[in-house]
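Notes follow once the structure below has been shown.
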Amino acid sequence: MEAMELRRQDYHVERPLLNQEQLEELGHWGSATGTRQWRTWFQCSRARAQALLLQHLPVLAWLPQYPVRDWLLGDLLSGLSVAIMQLPQGLAYALLAGLPPVFGLYSSFYPVFIYFLFGTSRHISVGTFAVMSVMVGSVTESLAPDEAFMQSLNSTVNQTARDLKRVQLASTLSVLVGLFQVGLGLVHFGFVVTYLSEPLVRGYTTAAAVQVFVSQLKYVFGLHLSSLSGPLSLIYTVLEVCWKLPQSVAGAVVTAFVAGVVLVVVKLLNDKLRRHLPLPLPGELLTLIGATGISYSVDLKQRFGVDVVGPIPVGLVPPVAPSPQLFTKLVGNAFAIAVVGFAIAISLGKIFALRHGYRVDSNQELVALGLSNLIGGIFQCFPVSCSMSRSLVQESTGGNTQVAGATASLFILIIIIKVGELFQDLPKAVLAATIIVNLKGMLMQLTDIRSLWNANRVDLLIWLVTFVATILLNLDLGLAVAIAFSLLLVVVRTQLPHYSVLGQVPDTDIYRDVAAYSEAREVPGVKVFRSSATVYFANAELYSDALKQRCGVDVDCLISQKKKLLKKQELKLKRLQKERQKQDAASQVTPVSIDVNTSDGNIKSNNVEGSKAEQVSTENELQKIAAGGQEDAKAPAMCTLRALGLPQPDFHSLVLDLSTLSYVDTVCLKSLKNIFHDFREIEVEVYMAACHTPVVAQLEAGHFFDASITKQHLFASVHDAVTFALQHRRSNQVSPVLVTKL
């Protein structure tokens with residue numbers, strides 16, 4: 001019924017057929033004038049200086065307009081909630097990075113305050129993050145393993161020297177990460193994150209969560225494992241944990257189990273009572289305080305052998321210059337950490353910006369994160385990004401701006417100066433339990449396998465390759481393999497596009513794939529061909545092959561047969577010319593006879609006249625054949641397939657729908673020219689349709705148009721090209737009849 005209703009409605013669109021020349025004349029098309037953007041970079045004015053200052057220091061733009069009465073209370077409460085989460089996570093993630101816990105508190109203060117000044121997102125919580133910490137930990141443990149600091153006397157690890165070396169590595173790594181991010185941001189390289197697709201990022205963070213989980217098993221079971229790094233290190237670590245399970249410390253296992261149960265119960269209560277609680281219950285902070293009190297009162301370290309955090313220095317540390325000698329060792333890991341940290345931050349920032357109706361500048365975010373890591377590295381922080389859990393808490397508890405982040409950093413400063421030393425009896429097993437419980441969100445991403453299987457299996461392949469590569473090859477090599485595979489898959493998908501022959505939907509000027517639309521019908525005598533991807537050097541030959549295959553004509557074979565027949569005609573002509581030359585040479589030799597006998601002379605003269613007549617008739621015949629052969633030689637292109645006895649295609653025109661072309665290269669130009677040449681050889685005229693203006697400009701720049709291929713072969717739409725092809729065919733068929741009648 002709907003189809004019948006559509007057919008009853010008459011839609012009439014009347015306009016002339018437009019080829020490219022007519023379209024340019026009608027629309028007054030011309031090349032855009034060059035603006036020379038670089039000239040504005042060197043212009044100096046008060047307005048430009050103010051705009052640059054507000055662009056690179058956004059706090060000056062929004063802080064003077066800050067609505068104190070409406071937003072201040074919400075930001076203060078949100079900052080307090082984030083600080084309560086930041087304290088245990090900072091201590092735990094420092095342990096994950098292979099550093100003393102106090103450096104997690106430093107990394108929760110300096111970078112947060114720097115981002116408050118330079119960041120453009122109002123809701124993300126910058127600071128320590130599990131994925132970044134495990135990437136840092138893989139670097140510190142590989143370049144400063146425990147085995148390098150073994151004391152020869154008692155075969156124990158010199159923890160002081162080891163920690164100093166690891167802190168130097170982590171801070172230098174943070175400076176290098178910051179330099180990468182600031183440099184990329186200043187050259188507007190924020191688009192680099194677009195090469196990290198969502199399946200890639202989710203597969204990578206899931207694998208990183210598995211790495212984090214495995215790395216915390218030694219604290220949960222109280223084991224002393226060897227420092228492993230490089231490919232398959234995760235597998236070797238799991239095997240070593242299984243091998244040493246009989247040596248587990250019962251006190252550490254019980255402590256981790258009880259802390260984990262308490263954290264899970266508090267999180268479940270927060271989910272159940274979310275609507276009734278003004279602030280979520282600080283389960284992590286309460287667990288840390290309770291575990292520290294129990295550890296101090298029971299003396300877990302001495303009585304049960306449970307490892308504790310140890311002495312935490314009070315106050316801030318002075319700035320320390322990075323070590324340039326370590327740059328060459330850290331450059332690869334630094335770039336990977338810079339890209340991953342920015343990808344996580346900008347993805348969360350855009351989610352919150354879309355939800356609350358403001359814009360996040362990706363390049364300025366890159367600069368802000370870079371300055372946070374750069375300045376933080378000078379103050380002995382390790383690389384940071386933003387945390388998903390803390391960002392959600394900051395938004396849900398009423399945070400509106402980065403005033404909440406600044407408030408959280410001030411609370412952390414108070415803890416560093418006054419309260420930090422109280423946590424020196426905190427068991428490391430409790431921090432490990434805190435980390436593992438917070439991995440729930442990332443580990444739940446394993447359900448992506450099912451959803452991607454139903455939605456897009458190519459994305460599922462990217463997810464699985466990223467996950468497996470990161471698990472087996474470690475975080476740095478895994479990321480490189482994932483990006484390379486993702487880009488390679490893009491190239492492969494452009495090489496395997498969907499090719500289709502289009503037909504006209506009845507009573508419309510719309511053309512669709514005849515294989516997908518049962519009512520679409522091919523226009524008699526016209527083939528319309530379309531590719532779903534742009535044509536470039538990697539798939540130009542495949543495009544030509546698919547075109548010839550879909551047309552149902554063996555174009556190359558037909559051209560080959562035509563050339564063979566034309567060559568035979570040429571050889572026949574040469575043979576006839578040689579025979580004529582022989583006849584001319586024979587006619588020049590005439591016999592002479594003298595006889596006195598009249599009767600005999602008459603007879604001989606009659607014979608001579610007869611032979612001369614025969615010679616003249618033969619010569620005339622050869623002249624006619626030779627003349628006919630010469631005419632054929634002068635115009636071999638006029639030999640039609642029908643005259644040569646070859647089969648003709650069942651269509652007279654070919655229309656190439658080039659609406660999917662985004663650019664053309666030299667290989668594409670040559671391929672299109674070859675298509676014009678080959679199909680004209682089999683008496684099929686070729687037209688192009690629906691080219692975008694930049695593509696037309698590139699065709700002109702590549703000297704595609706010439707005497708044989710003009711802009712009159714390029715039309716504004718497929719329907720224009722089909723209509724013109726039919727009209728052109730009718731005019732060629734009618735004109736000879738009119739001439740004969742006249």
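Labels for the structure tokens follow display order: chains A, B, ..., residues from 1 in each chain, ligands from 1.
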**Request:** Write out as a list in words the residues lying within 7 Å of region 230-234 of chain A, counting only C-alpha atoms and excluding same-chain residues fewer than 3 positions away.
**Result:**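 Non-adjacent residues within range: Gln211, Thr237, Val238, Ile471, Leu472, Leu473 and Asn474 of chain A.
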**Message:** Counting only C-alpha atoms, which residue out of A:Glu685, A:Asp545, A:Glu579, A:Asp459 sits closest to Arg202 (chain A)?
**Reply:**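 Ranked by minimum distance to Arg202 (chain A), first place goes to A:Asp459.
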**Asked** If you measure from CA of Val264 (chain A) to CA of Ser451 (chain A), what distance in Å do you get, rounded to one decimal?
**Response**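 Interatomic distance here is 26.3 Å.
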**Prompt:** Just asking: which residues within region 131-296 of chain A are alpha helix (DSSP H) according to DSSP, as number ranges by chain?
**Reply:** A: 131-143, 159-186, 198-215, 217-221, 233-243, 250-272, 283-296
